[in-house]
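model.pdb follows (PDB, C-alpha atoms):
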ATOM      1  CA  MET A   1       0.000   0.000   0.000
ATOM      2  CA  ASP A   2       1.301   3.453  -0.955
ATOM      3  CA  TYR A   3       0.587   6.562   1.098
ATOM      4  CA  ARG A   4       1.162  10.278   0.997
ATOM      5  CA  ILE A   5       1.367  11.693   4.530
ATOM      6  CA  THR A   6       1.127  15.394   5.310
ATOM      7  CA  HIS A   7       1.946  16.406   8.884
ATOM      8  CA  VAL A   8       1.532  20.090   9.718
ATOM      9  CA  THR A   9       2.575  21.574  13.077
ATOM     10  CA  VAL A  10       1.854  25.239  13.814
ATOM     11  CA  TYR A  11       3.048  27.216  16.841
ATOM     12  CA  ASP A  12       1.445  30.618  17.515
ATOM     13  CA  TYR A  13       3.186  32.741  20.172
ATOM     14  CA  THR A  14       1.726  35.610  22.176
ATOM     15  CA  GLU A  15       5.103  37.409  22.224
ATOM     16  CA  PRO A  16       7.899  37.623  19.647
ATOM     17  CA  VAL A  17      10.420  34.787  19.523
ATOM     18  CA  THR A  18      13.913  36.082  18.856
ATOM     19  CA  VAL A  19      15.817  32.798  18.447
ATOM     20  CA  SER A  20      14.644  29.177  18.395
ATOM     21  CA  HIS A  21      16.383  25.814  18.085
ATOM     22  CA  HIS A  22      14.349  22.728  17.146
ATOM     23  CA  ALA A  23      14.599  19.013  16.411
ATOM     24  CA  ALA A  24      12.028  17.343  14.160
ATOM     25  CA  ARG A  25      11.625  13.562  13.988
ATOM     26  CA  LEU A  26       9.125  13.335  11.142
ATOM     27  CA  THR A  27      10.902  11.232   8.507
ATOM     28  CA  PRO A  28       9.412   7.740   8.010
ATOM     29  CA  ARG A  29      11.932   4.958   8.534
ATOM     30  CA  GLN A  30      13.302   2.556   5.974
ATOM     31  CA  THR A  31      12.525  -0.999   7.115
ATOM     32  CA  ASP A  32      12.208  -4.467   5.586
ATOM     33  CA  GLY A  33       8.505  -3.834   5.029
ATOM     34  CA  GLN A  34       8.508  -0.085   4.436
ATOM     35  CA  GLN A  35      10.155   2.041   1.785
ATOM     36  CA  ARG A  36      10.439   5.827   2.040
ATOM     37  CA  VAL A  37       9.926   6.994  -1.525
ATOM     38  CA  ASP A  38      10.114  10.741  -0.899
ATOM     39  CA  PHE A  39      10.270  13.209   1.987
ATOM     40  CA  THR A  40      10.296  17.001   2.215
ATOM     41  CA  LEU A  41      10.316  19.295   5.236
ATOM     42  CA  ALA A  42       9.109  22.880   4.740
ATOM     43  CA  ILE A  43       9.687  25.375   7.574
ATOM     44  CA  GLN A  44       8.446  28.953   7.907
ATOM     45  CA  PRO A  45      10.182  31.227   8.777
ATOM     46  CA  GLU A  46      13.088  29.820   6.790
ATOM     47  CA  PRO A  47      15.782  28.495   9.171
ATOM     48  CA  ALA A  48      19.193  30.155   9.161
ATOM     49  CA  LEU A  49      20.788  26.767   9.875
ATOM     50  CA  ARG A  50      19.569  23.256   9.094
ATOM     51  CA  THR A  51      21.223  19.838   9.391
ATOM     52  CA  VAL A  52      19.950  16.247   9.200
ATOM     53  CA  ARG A  53      21.438  13.178  10.860
ATOM     54  CA  SER A  54      20.422   9.872  12.419
ATOM     55  CA  ASP A  55      20.048   9.664  16.180
ATOM     56  CA  TYR A  56      21.197   6.824  18.441
ATOM     57  CA  PHE A  57      18.155   4.705  17.525
ATOM     58  CA  GLY A  58      18.544   5.260  13.786
ATOM     59  CA  ASN A  59      15.721   7.792  13.490
ATOM     60  CA  ARG A  60      16.276  10.654  11.028
ATOM     61  CA  VAL A  61      16.332  14.012  12.833
ATOM     62  CA  ALA A  62      16.272  17.490  11.285
ATOM     63  CA  PHE A  63      17.905  20.127  13.491
ATOM     64  CA  PHE A  64      17.193  23.746  12.597
ATOM     65  CA  THR A  65      17.668  27.242  13.996
ATOM     66  CA  ILE A  66      15.511  30.301  13.277
ATOM     67  CA  GLN A  67      17.258  33.594  13.970
ATOM     68  CA  GLU A  68      14.657  36.084  12.773
ATOM     69  CA  ILE A  69      11.949  37.474  15.034
ATOM     70  CA  HIS A  70       8.684  35.607  14.602
ATOM     71  CA  ARG A  71       5.321  34.981  16.283
ATOM     72  CA  ARG A  72       4.404  31.916  14.244
ATOM     73  CA  LEU A  73       6.279  28.742  13.315
ATOM     74  CA  GLU A  74       4.872  26.336  10.738
ATOM     75  CA  ILE A  75       6.471  22.950  10.002
ATOM     76  CA  THR A  76       5.105  20.827   7.158
ATOM     77  CA  ALA A  77       6.426  17.313   6.594
ATOM     78  CA  THR A  78       5.308  15.596   3.385
ATOM     79  CA  SER A  79       6.138  11.937   2.887
ATOM     80  CA  ARG A  80       5.459   9.273   0.323
ATOM     81  CA  VAL A  81       5.804   5.757   1.677
ATOM     82  CA  SER A  82       5.216   2.228   0.393
ATOM     83  CA  VAL A  83       4.256  -0.354   3.031
ATOM     84  CA  ASN A  84       4.092  -4.113   2.540
ATOM     85  CA  ALA A  85       2.334  -6.353   5.039
ATOM     86  CA  ALA A  86       4.658  -8.907   6.604
ATOM     87  CA  GLN A  87       3.854 -12.594   6.661
ATOM     88  CA  PRO A  88       1.569 -13.441   9.616
ATOM     89  CA  VAL A  89       3.483 -14.487  12.712
ATOM     90  CA  LYS A  90       2.660 -17.859  14.268
ATOM     91  CA  LEU A  91       2.296 -16.669  17.829
ATOM     92  CA  ASP A  92       2.203 -20.125  19.433
ATOM     93  CA  LEU A  93       5.524 -21.140  17.877
ATOM     94  CA  SER A  94       7.541 -18.484  19.718
ATOM     95  CA  PRO A  95       9.714 -19.529  22.683
ATOM     96  CA  ALA A  96       8.383 -19.551  26.248
ATOM     97  CA  TRP A  97       8.364 -16.055  27.678
ATOM     98  CA  GLU A  98      10.476 -17.053  30.709
ATOM     99  CA  ASP A  99      13.192 -18.359  28.382
ATOM    100  CA  VAL A 100      13.240 -15.032  26.544
ATOM    101  CA  ALA A 101      13.401 -13.050  29.786
ATOM    102  CA  ALA A 102      16.307 -15.258  30.942
ATOM    103  CA  LEU A 103      18.340 -14.147  27.916
ATOM    104  CA  PHE A 104      18.376 -10.610  29.315
ATOM    105  CA  ARG A 105      19.836 -11.356  32.728
ATOM    106  CA  ASP A 106      23.556 -10.827  33.234
ATOM    107  CA  PRO A 107      25.654 -11.980  31.528
ATOM    108  CA  VAL A 108      24.013 -11.090  28.215
ATOM    109  CA  SER A 109      25.368 -12.565  24.989
ATOM    110  CA  PRO A 110      26.696 -10.151  22.336
ATOM    111  CA  GLU A 111      23.766 -11.055  20.048
ATOM    112  CA  MET A 112      21.311  -9.688  22.608
ATOM    113  CA  VAL A 113      23.013  -6.384  23.409
ATOM    114  CA  GLU A 114      20.799  -4.288  21.096
ATOM    115  CA  PRO A 115      17.433  -5.389  22.570
ATOM    116  CA  TYR A 116      18.965  -5.518  26.081
ATOM    117  CA  GLN A 117      18.855  -1.720  26.339
ATOM    118  CA  PHE A 118      15.045  -1.868  26.125
ATOM    119  CA  VAL A 119      14.715  -3.924  29.324
ATOM    120  CA  PHE A 120      15.584  -1.022  31.628
ATOM    121  CA  ASP A 121      13.655   1.975  32.959
ATOM    122  CA  SER A 122      13.644   5.008  30.664
ATOM    123  CA  PRO A 123      12.955   8.739  31.142
ATOM    124  CA  LEU A 124       9.152   8.359  31.189
ATOM    125  CA  LEU A 125       8.772   4.728  32.265
ATOM    126  CA  ALA A 126       9.670   2.801  35.384
ATOM    127  CA  THR A 127       8.967  -0.829  36.233
ATOM    128  CA  ALA A 128       6.731  -1.461  39.239
ATOM    129  CA  PRO A 129       4.966  -4.384  40.993
ATOM    130  CA  ASP A 130       1.502  -3.157  39.951
ATOM    131  CA  LEU A 131       2.599  -3.264  36.308
ATOM    132  CA  THR A 132       3.850  -6.819  36.778
ATOM    133  CA  GLU A 133       0.453  -7.766  38.206
ATOM    134  CA  LEU A 134      -1.337  -6.040  35.327
ATOM    135  CA  ALA A 135       0.315  -8.432  32.877
ATOM    136  CA  ARG A 136       0.791 -11.519  35.033
ATOM    137  CA  ALA A 137      -2.468 -13.319  34.148
ATOM    138  CA  CYS A 138      -1.510 -13.302  30.467
ATOM    139  CA  PHE A 139       1.908 -14.841  31.177
ATOM    140  CA  PRO A 140       1.406 -18.247  32.824
ATOM    141  CA  ALA A 141       4.344 -20.626  33.039
ATOM    142  CA  ARG A 142       5.802 -21.784  29.712
ATOM    143  CA  ARG A 143       3.386 -19.834  27.554
ATOM    144  CA  PRO A 144       4.804 -18.811  24.160
ATOM    145  CA  LEU A 145       5.998 -15.220  24.333
ATOM    146  CA  LEU A 146       4.040 -13.789  21.394
ATOM    147  CA  ALA A 147       0.820 -15.564  22.345
ATOM    148  CA  ALA A 148       1.112 -14.042  25.821
ATOM    149  CA  VAL A 149       1.832 -10.559  24.443
ATOM    150  CA  ALA A 150      -1.116 -10.833  22.035
ATOM    151  CA  GLU A 151      -3.457 -11.642  24.923
ATOM    152  CA  PHE A 152      -2.021  -8.788  26.966
ATOM    153  CA  ASN A 153      -2.496  -6.463  24.001
ATOM    154  CA  GLU A 154      -6.156  -7.501  23.845
ATOM    155  CA  HIS A 155      -6.485  -7.085  27.618
ATOM    156  CA  LEU A 156      -5.266  -3.486  27.418
ATOM    157  CA  HIS A 157      -7.629  -2.770  24.525
ATOM    158  CA  ARG A 158     -10.552  -4.131  26.539
ATOM    159  CA  GLU A 159      -9.716  -2.649  29.935
ATOM    160  CA  PHE A 160      -8.476   0.824  28.946
ATOM    161  CA  GLN A 161     -10.809   3.378  27.381
ATOM    162  CA  TYR A 162      -9.636   5.705  24.638
ATOM    163  CA  ASP A 163     -10.221   9.245  25.926
ATOM    164  CA  PRO A 164      -8.209  12.128  24.412
ATOM    165  CA  LYS A 165      -9.299  14.459  27.212
ATOM    166  CA  ALA A 166      -8.151  12.198  30.046
ATOM    167  CA  THR A 167      -4.398  12.712  29.758
ATOM    168  CA  SER A 168      -1.658  14.957  28.439
ATOM    169  CA  VAL A 169       1.978  14.335  27.557
ATOM    170  CA  ALA A 170       2.837  15.077  31.200
ATOM    171  CA  THR A 171       0.343  12.635  32.803
ATOM    172  CA  PRO A 172       2.253  10.122  34.987
ATOM    173  CA  LEU A 173       2.030   6.463  34.010
ATOM    174  CA  GLY A 174       0.616   5.529  37.424
ATOM    175  CA  GLU A 175      -2.335   7.843  36.863
ATOM    176  CA  VAL A 176      -3.053   6.264  33.482
ATOM    177  CA  VAL A 177      -3.040   2.788  35.048
ATOM    178  CA  ALA A 178      -5.283   3.886  37.906
ATOM    179  CA  ARG A 179      -7.846   5.659  35.711
ATOM    180  CA  ARG A 180      -7.749   3.125  32.848
ATOM    181  CA  ARG A 181      -8.129   5.956  30.327
ATOM    182  CA  GLY A 182      -5.862   7.673  27.847
ATOM    183  CA  VAL A 183      -4.640   7.702  24.254
ATOM    184  CA  CYS A 184      -2.392   5.573  22.077
ATOM    185  CA  GLN A 185       0.779   6.990  23.630
ATOM    186  CA  ASP A 186      -0.452   6.047  27.114
ATOM    187  CA  PHE A 187      -1.448   2.520  26.104
ATOM    188  CA  ALA A 188       1.930   1.925  24.468
ATOM    189  CA  HIS A 189       3.678   3.201  27.587
ATOM    190  CA  VAL A 190       1.628   0.931  29.878
ATOM    191  CA  ALA A 191       2.403  -2.101  27.719
ATOM    192  CA  ILE A 192       6.125  -1.351  27.539
ATOM    193  CA  ALA A 193       6.514  -0.740  31.261
ATOM    194  CA  ALA A 194       4.552  -3.899  32.107
ATOM    195  CA  LEU A 195       6.628  -6.076  29.770
ATOM    196  CA  ARG A 196       9.854  -4.626  31.136
ATOM    197  CA  SER A 197       8.572  -5.416  34.634
ATOM    198  CA  LEU A 198       8.564  -9.065  33.531
ATOM    199  CA  GLY A 199      12.153  -8.733  32.279
ATOM    200  CA  LEU A 200      11.209  -8.535  28.590
ATOM    201  CA  PRO A 201      12.637  -5.991  26.109
ATOM    202  CA  ALA A 202       9.962  -3.647  24.733
ATOM    203  CA  ARG A 203      10.266  -0.450  22.713
ATOM    204  CA  TYR A 204       8.074   2.498  21.735
ATOM    205  CA  VAL A 205       7.092   2.956  18.087
ATOM    206  CA  SER A 206       5.809   6.239  16.674
ATOM    207  CA  GLY A 207       4.167   6.700  13.318
ATOM    208  CA  TYR A 208       0.872   7.048  11.534
ATOM    209  CA  LEU A 209      -2.226   4.932  11.053
ATOM    210  CA  ARG A 210      -4.539   4.914   8.075
ATOM    211  CA  THR A 211      -7.975   5.815   9.406
ATOM    212  CA  ARG A 212     -11.233   5.060   7.635
ATOM    213  CA  PRO A 213     -14.404   7.179   7.827
ATOM    214  CA  ARG A 214     -17.575   5.602   9.112
ATOM    215  CA  GLU A 215     -19.887   4.175   6.501
ATOM    216  CA  GLY A 216     -21.722   6.960   4.726
ATOM    217  CA  GLU A 217     -19.325   9.671   5.919
ATOM    218  CA  GLU A 218     -16.741  11.514   3.858
ATOM    219  CA  ARG A 219     -13.086  11.315   4.766
ATOM    220  CA  LEU A 220     -12.003  14.606   6.362
ATOM    221  CA  VAL A 221      -8.702  16.153   5.310
ATOM    222  CA  GLY A 222      -6.402  16.613   8.313
ATOM    223  CA  ALA A 223      -8.531  14.399  10.545
ATOM    224  CA  ASP A 224      -5.827  11.790  11.063
ATOM    225  CA  ALA A 225      -3.178  12.003  13.794
ATOM    226  CA  SER A 226       0.165  10.676  14.869
ATOM    227  CA  HIS A 227      -0.073   7.189  16.311
ATOM    228  CA  ALA A 228       1.932   5.041  18.721
ATOM    229  CA  TRP A 229       2.267   1.356  19.470
ATOM    230  CA  PHE A 230       4.949  -0.957  20.897
ATOM    231  CA  GLY A 231       7.297  -3.735  19.870
ATOM    232  CA  VAL A 232       8.574  -6.742  21.795
ATOM    233  CA  PHE A 233      11.766  -8.616  20.973
ATOM    234  CA  CYS A 234      11.483 -12.309  20.106
ATOM    235  CA  PRO A 235      14.603 -14.411  19.395
ATOM    236  CA  MET A 236      14.835 -15.654  15.792
ATOM    237  CA  LEU A 237      12.024 -13.300  14.706
ATOM    238  CA  GLY A 238      13.330  -9.938  15.905
ATOM    239  CA  TRP A 239      11.005  -7.104  16.858
ATOM    240  CA  ILE A 240       7.267  -7.844  16.592
ATOM    241  CA  ASP A 241       4.856  -4.906  16.863
ATOM    242  CA  PHE A 242       1.493  -4.766  18.636
ATOM    243  CA  ASP A 243      -1.116  -1.985  18.680
ATOM    244  CA  PRO A 244      -3.169  -1.978  21.916
ATOM    245  CA  THR A 245      -5.312   0.965  20.806
ATOM    246  CA  ASN A 246      -6.722  -1.119  17.957
ATOM    247  CA  ASN A 247      -5.997  -4.622  19.284
ATOM    248  CA  CYS A 248      -3.991  -5.713  16.265
ATOM    249  CA  LEU A 249      -0.551  -6.499  14.922
ATOM    250  CA  PRO A 250       0.444  -3.577  12.673
ATOM    251  CA  ALA A 251       0.482  -4.438   8.984
ATOM    252  CA  ASP A 252       0.189  -2.330   5.839
ATOM    253  CA  GLU A 253      -1.954   0.404   7.425
ATOM    254  CA  HIS A 254       0.692   1.441   9.981
ATOM    255  CA  ILE A 255       3.522   3.741   8.857
ATOM    256  CA  THR A 256       6.599   3.730  11.106
ATOM    257  CA  VAL A 257       8.481   6.961  11.831
ATOM    258  CA  GLY A 258      10.633   6.237  14.880
ATOM    259  CA  TYR A 259      11.756   3.790  17.569
ATOM    260  CA  GLY A 260      12.808   4.649  21.105
ATOM    261  CA  ARG A 261      12.629   3.755  24.767
ATOM    262  CA  ASP A 262       9.513   5.904  25.210
ATOM    263  CA  PHE A 263       7.863   8.999  23.740
ATOM    264  CA  SER A 264      10.691  11.267  24.896
ATOM    265  CA  ASP A 265      13.024   9.635  22.349
ATOM    266  CA  VAL A 266      10.710  10.201  19.367
ATOM    267  CA  SER A 267       8.799  13.421  20.037
ATOM    268  CA  PRO A 268       7.819  14.723  16.556
ATOM    269  CA  VAL A 269       8.956  18.291  17.291
ATOM    270  CA  SER A 270      10.903  19.626  20.261
ATOM    271  CA  GLY A 271      12.918  22.746  20.866
ATOM    272  CA  ILE A 272      14.125  25.703  22.905
ATOM    273  CA  ILE A 273      13.042  29.284  22.273
ATOM    274  CA  THR A 274      13.976  32.741  23.507
ATOM    275  CA  GLY A 275      10.875  34.840  24.160
ATOM    276  CA  GLY A 276       7.478  33.803  22.843
ATOM    277  CA  GLY A 277       5.394  34.181  26.012
ATOM    278  CA  ARG A 278       2.545  31.657  25.942
ATOM    279  CA  HIS A 279       1.969  29.562  22.855
ATOM    280  CA  GLU A 280      -0.710  27.507  21.156
ATOM    281  CA  VAL A 281       0.186  24.463  19.094
ATOM    282  CA  ARG A 282      -2.012  22.899  16.418
ATOM    283  CA  VAL A 283      -1.298  19.653  14.587
ATOM    284  CA  ALA A 284      -3.038  18.284  11.493
ATOM    285  CA  VAL A 285      -2.169  14.965   9.876
ATOM    286  CA  GLU A 286      -3.469  13.504   6.638
ATOM    287  CA  VAL A 287      -2.715   9.894   5.683
ATOM    288  CA  GLU A 288      -3.740   9.585   2.042
ATOM    289  CA  PRO A 289      -3.787   6.138   0.356
ATOM    290  CA  LEU A 290      -2.609   6.256  -3.266
ATOM    291  CA  THR A 291      -3.507   4.149  -6.259
ATOM    292  CA  GLY A 292      -0.922   2.397  -8.386
ATOM    293  CA  LYS A 293      -0.525   5.583 -10.450
ATOM    294  CA  GLY A 294       0.241   7.689  -7.403
ATOM    295  CA  LYS A 295      -3.206   9.263  -7.250
ATOM    296  CA  PRO A 296      -5.480   9.392  -4.166
ATOM    297  CA  GLU A 297      -7.953   6.539  -3.807
TER     298      GLU A 297
END
I'd like the structure from this file rewritten - as structure tokens, please.
Amino acid sequence: MDYRITHVTVYDYTEPVTVSHHAARLTPRQTDGQQRVDFTLAIQPEPALRTVRSDYFGNRVAFFTIQEIHRRLEITATSRVSVNAAQPVKLDLSPAWEDVAALFRDPVSPEMVEPYQFVFDSPLLATAPDLTELARACFPARRPLLAAVAEFNEHLHREFQYDPKATSVATPLGEVVARRRGVCQDFAHVAIAALRSLGLPARYVSGYLRTRPREGEERLVGADASHAWFGVFCPMLGWIDFDPTNNCLPADEHITVGYGRDFSDVSPVSGIITGGGRHEVRVAVEVEPLTGKGKPE
């Protein structure tokens, strides 16, 4: 499936900004199942300095500096991506979850060093006994890892209610668990922290999701949004992704932008400004499926 994604972020400031430095992680990744065909990043006002490099996790990051006085910053990322659905994973044929967890206790073999870093606490996530208990029923003795994670993914989808007004980026994980409400970022964080509490490596995945209008309704331009899900490491298979918000394994309707320990590693836009006073931020995302000739469906 081919997509054109337009991601617009607008900052309006109540006072002039004299200088600002920003980092934008908006470039879709190149993976075995995803090809980035094209990507452009338009910024107004025009930055005085701009560089692009890969971060520690392999995500493409654009760093830019604006040195002219401004009250408005607009960042438009336009991507064209081709996504191929992977072969279905046989969940029951994965190794027992305890055997996988045992691979990440000291000493760790050189082959497991990369996923090993995703076992530990991270800036926004900390393991805790209540998170262990949240997942424990889905992880009985000797159960295949991916079958257990799939059930846990379904459990989160069933027990946690999607509510965009319930949380913000700053809402602590414990509050999300207690209230059982939140958004995709919260559900991914809960899953990751719970799996790490069992000694399993889990990582945060940011990206986009193709959304479909209800029957009889027109698709609204800009009505889509950034999305988040999580991945768990399985020996021999590598990283396998799960989406608790939609209770599914991501396929050709999920577009991957970044990997990290938690949201703090893959925030779409971050920065430091001088001046500005208060600000309002607006984000609009459009995920547009394309036909074989590159035209919208």
TODO: Apply the PyMOL selection byres ((chain A and resi 15-27) around 7) to the file shown and report the selected residues as a PyMOL selection string.
DONE: chain A and resi 13-14+28-29+39+60-71+77+257+266-277
Each stretch 72-124 of chain A residue no farther than 12 Å from stretch 147-166 of chain A, nearest pair in Å, all atoms listed in the file, as a Markdown table:
| residue | atom | partner | partner_atom | distance |
| --- | --- | --- | --- | --- |
| A:Val89 | CA | A:Ala147 | CA | 10.1 |
| A:Lys90 | CA | A:Ala147 | CA | 8.6 |
| A:Leu91 | CA | A:Ala147 | CA | 4.9 |
| A:Asp92 | CA | A:Ala147 | CA | 5.6 |
| A:Leu93 | CA | A:Ala147 | CA | 8.6 |
| A:Ser94 | CA | A:Ala147 | CA | 7.8 |
| A:Pro95 | CA | A:Ala147 | CA | 9.7 |
| A:Ala96 | CA | A:Ala148 | CA | 9.1 |
| A:Trp97 | CA | A:Ala148 | CA | 7.8 |
| A:Glu98 | CA | A:Ala148 | CA | 11.0 |
Writer output for current selection, C-alpha atoms, as an mmCIF file, in the frame of the given file:
data_model
loop_
_atom_site.group_PDB
_atom_site.id
_atom_site.type_symbol
_atom_site.label_atom_id
_atom_site.label_comp_id
_atom_site.auth_asym_id
_atom_site.auth_seq_id
_atom_site.Cartn_x
_atom_site.Cartn_y
_atom_site.Cartn_z
ATOM 1 C CA VAL A 89 3.483 -14.487 12.712
ATOM 2 C CA LYS A 90 2.660 -17.859 14.268
ATOM 3 C CA LEU A 91 2.296 -16.669 17.829
ATOM 4 C CA ASP A 92 2.203 -20.125 19.433
ATOM 5 C CA LEU A 93 5.524 -21.140 17.877
ATOM 6 C CA SER A 94 7.541 -18.484 19.718
ATOM 7 C CA PRO A 95 9.714 -19.529 22.683
ATOM 8 C CA ALA A 96 8.383 -19.551 26.248
ATOM 9 C CA TRP A 97 8.364 -16.055 27.678
ATOM 10 C CA GLU A 98 10.476 -17.053 30.709
#
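Excluding A:Phe104 itself and any same-chain residue fewer than 6 positions from it, the protein and nucleic acid residues within 9 Å of it, counting all atoms listed in the file, are Met112, Val113, Pro115, Tyr116, Val119, Gly199, Leu200 and Pro201 of chain A.
Listed by chain and then by number, the residues chosen by the PyMOL selection byres ((chain A and resi 190) around 9) in this file are Leu125, Leu131, Leu156, Leu173, Gly174, Val176, Val177, Gln185, Asp186, Phe187, Ala188, His189, Ala191, Ile192, Ala193, Ala194 and Leu195 of chain A.
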TODO: Apply the PyMOL selection byres ((chain A and resi 33) around 8) to the file shown and report the selected residues as a PyMOL selection string.
DONE: chain A and resi 31-32+34-35+83-86
Open item on the list: What does the structure give for the distance between atom CA of A:Ser168 and atom CA of A:Pro129, in Å to one decimal?
Closed with: 24.0 Å
TODO: Could you please determine the separation between atom CA of A:Ser109 and atom CA of A:Tyr259 in Å, to one decimal place?
DONE: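 Value for the atom CA of A:Ser109-atom CA of A:Tyr259 distance: 22.5 Å.
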For stretch 75-97 of chain A of the structure just presented, write N, CA and C atoms to a file, as an mmCIF file, in the first residue's frame.
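After the write, part_20.cif holds the following:
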data_model
loop_
_atom_site.group_PDB
_atom_site.id
_atom_site.type_symbol
_atom_site.label_atom_id
_atom_site.label_comp_id
_atom_site.auth_asym_id
_atom_site.auth_seq_id
_atom_site.Cartn_x
_atom_site.Cartn_y
_atom_site.Cartn_z
ATOM 1 N N ILE A 75 5.619 24.054 10.461
ATOM 2 C CA ILE A 75 6.471 22.950 10.002
ATOM 3 C C ILE A 75 5.593 21.969 9.248
ATOM 4 N N THR A 76 5.903 21.740 7.986
ATOM 5 C CA THR A 76 5.105 20.827 7.158
ATOM 6 C C THR A 76 5.991 19.711 6.626
ATOM 7 N N ALA A 77 5.704 18.495 7.070
ATOM 8 C CA ALA A 77 6.426 17.313 6.594
ATOM 9 C C ALA A 77 5.532 16.577 5.610
ATOM 10 N N THR A 78 6.052 16.317 4.414
ATOM 11 C CA THR A 78 5.308 15.596 3.385
ATOM 12 C C THR A 78 6.088 14.355 2.992
ATOM 13 N N SER A 79 5.453 13.201 3.135
ATOM 14 C CA SER A 79 6.138 11.937 2.887
ATOM 15 C C SER A 79 5.353 11.109 1.881
ATOM 16 N N ARG A 80 6.089 10.325 1.114
ATOM 17 C CA ARG A 80 5.459 9.273 0.323
ATOM 18 C C ARG A 80 6.121 7.963 0.714
ATOM 19 N N VAL A 81 5.297 6.996 1.093
ATOM 20 C CA VAL A 81 5.804 5.757 1.677
ATOM 21 C C VAL A 81 5.074 4.570 1.058
ATOM 22 N N SER A 82 5.802 3.486 0.845
ATOM 23 C CA SER A 82 5.216 2.228 0.393
ATOM 24 C C SER A 82 5.371 1.191 1.504
ATOM 25 N N VAL A 83 4.250 0.591 1.913
ATOM 26 C CA VAL A 83 4.256 -0.354 3.031
ATOM 27 C C VAL A 83 3.747 -1.707 2.557
ATOM 28 N N ASN A 84 4.491 -2.749 2.877
ATOM 29 C CA ASN A 84 4.092 -4.113 2.540
ATOM 30 C C ASN A 84 3.811 -4.894 3.815
ATOM 31 N N ALA A 85 2.687 -5.562 3.856
ATOM 32 C CA ALA A 85 2.334 -6.353 5.039
ATOM 33 C C ALA A 85 3.277 -7.544 5.160
ATOM 34 N N ALA A 86 3.785 -7.764 6.361
ATOM 35 C CA ALA A 86 4.658 -8.907 6.604
ATOM 36 C C ALA A 86 3.837 -10.196 6.664
ATOM 37 N N GLN A 87 4.525 -11.311 6.522
ATOM 38 C CA GLN A 87 3.854 -12.594 6.661
ATOM 39 C C GLN A 87 3.322 -12.736 8.088
ATOM 40 N N PRO A 88 2.115 -13.273 8.265
ATOM 41 C CA PRO A 88 1.569 -13.441 9.616
ATOM 42 C C PRO A 88 2.503 -14.250 10.506
ATOM 43 N N VAL A 89 2.618 -13.815 11.749
ATOM 44 C CA VAL A 89 3.483 -14.487 12.712
ATOM 45 C C VAL A 89 2.693 -15.586 13.417
ATOM 46 N N LYS A 90 3.293 -16.758 13.535
ATOM 47 C CA LYS A 90 2.660 -17.859 14.268
ATOM 48 C C LYS A 90 2.986 -17.682 15.746
ATOM 49 N N LEU A 91 2.049 -17.084 16.447
ATOM 50 C CA LEU A 91 2.296 -16.669 17.829
ATOM 51 C C LEU A 91 2.648 -17.840 18.738
ATOM 52 N N ASP A 92 2.005 -18.985 18.529
ATOM 53 C CA ASP A 92 2.203 -20.125 19.433
ATOM 54 C C ASP A 92 3.530 -20.840 19.212
ATOM 55 N N LEU A 93 4.248 -20.480 18.145
ATOM 56 C CA LEU A 93 5.524 -21.140 17.877
ATOM 57 C C LEU A 93 6.710 -20.359 18.431
ATOM 58 N N SER A 94 6.452 -19.249 19.103
ATOM 59 C CA SER A 94 7.541 -18.484 19.718
ATOM 60 C C SER A 94 7.991 -19.169 21.009
ATOM 61 N N PRO A 95 9.211 -18.886 21.463
ATOM 62 C CA PRO A 95 9.714 -19.529 22.683
ATOM 63 C C PRO A 95 8.942 -19.093 23.922
ATOM 64 N N ALA A 96 9.045 -19.888 24.985
ATOM 65 C CA ALA A 96 8.383 -19.551 26.248
ATOM 66 C C ALA A 96 8.889 -18.198 26.745
ATOM 67 N N TRP A 97 7.991 -17.422 27.297
ATOM 68 C CA TRP A 97 8.364 -16.055 27.678
ATOM 69 C C TRP A 97 9.444 -16.031 28.748
#
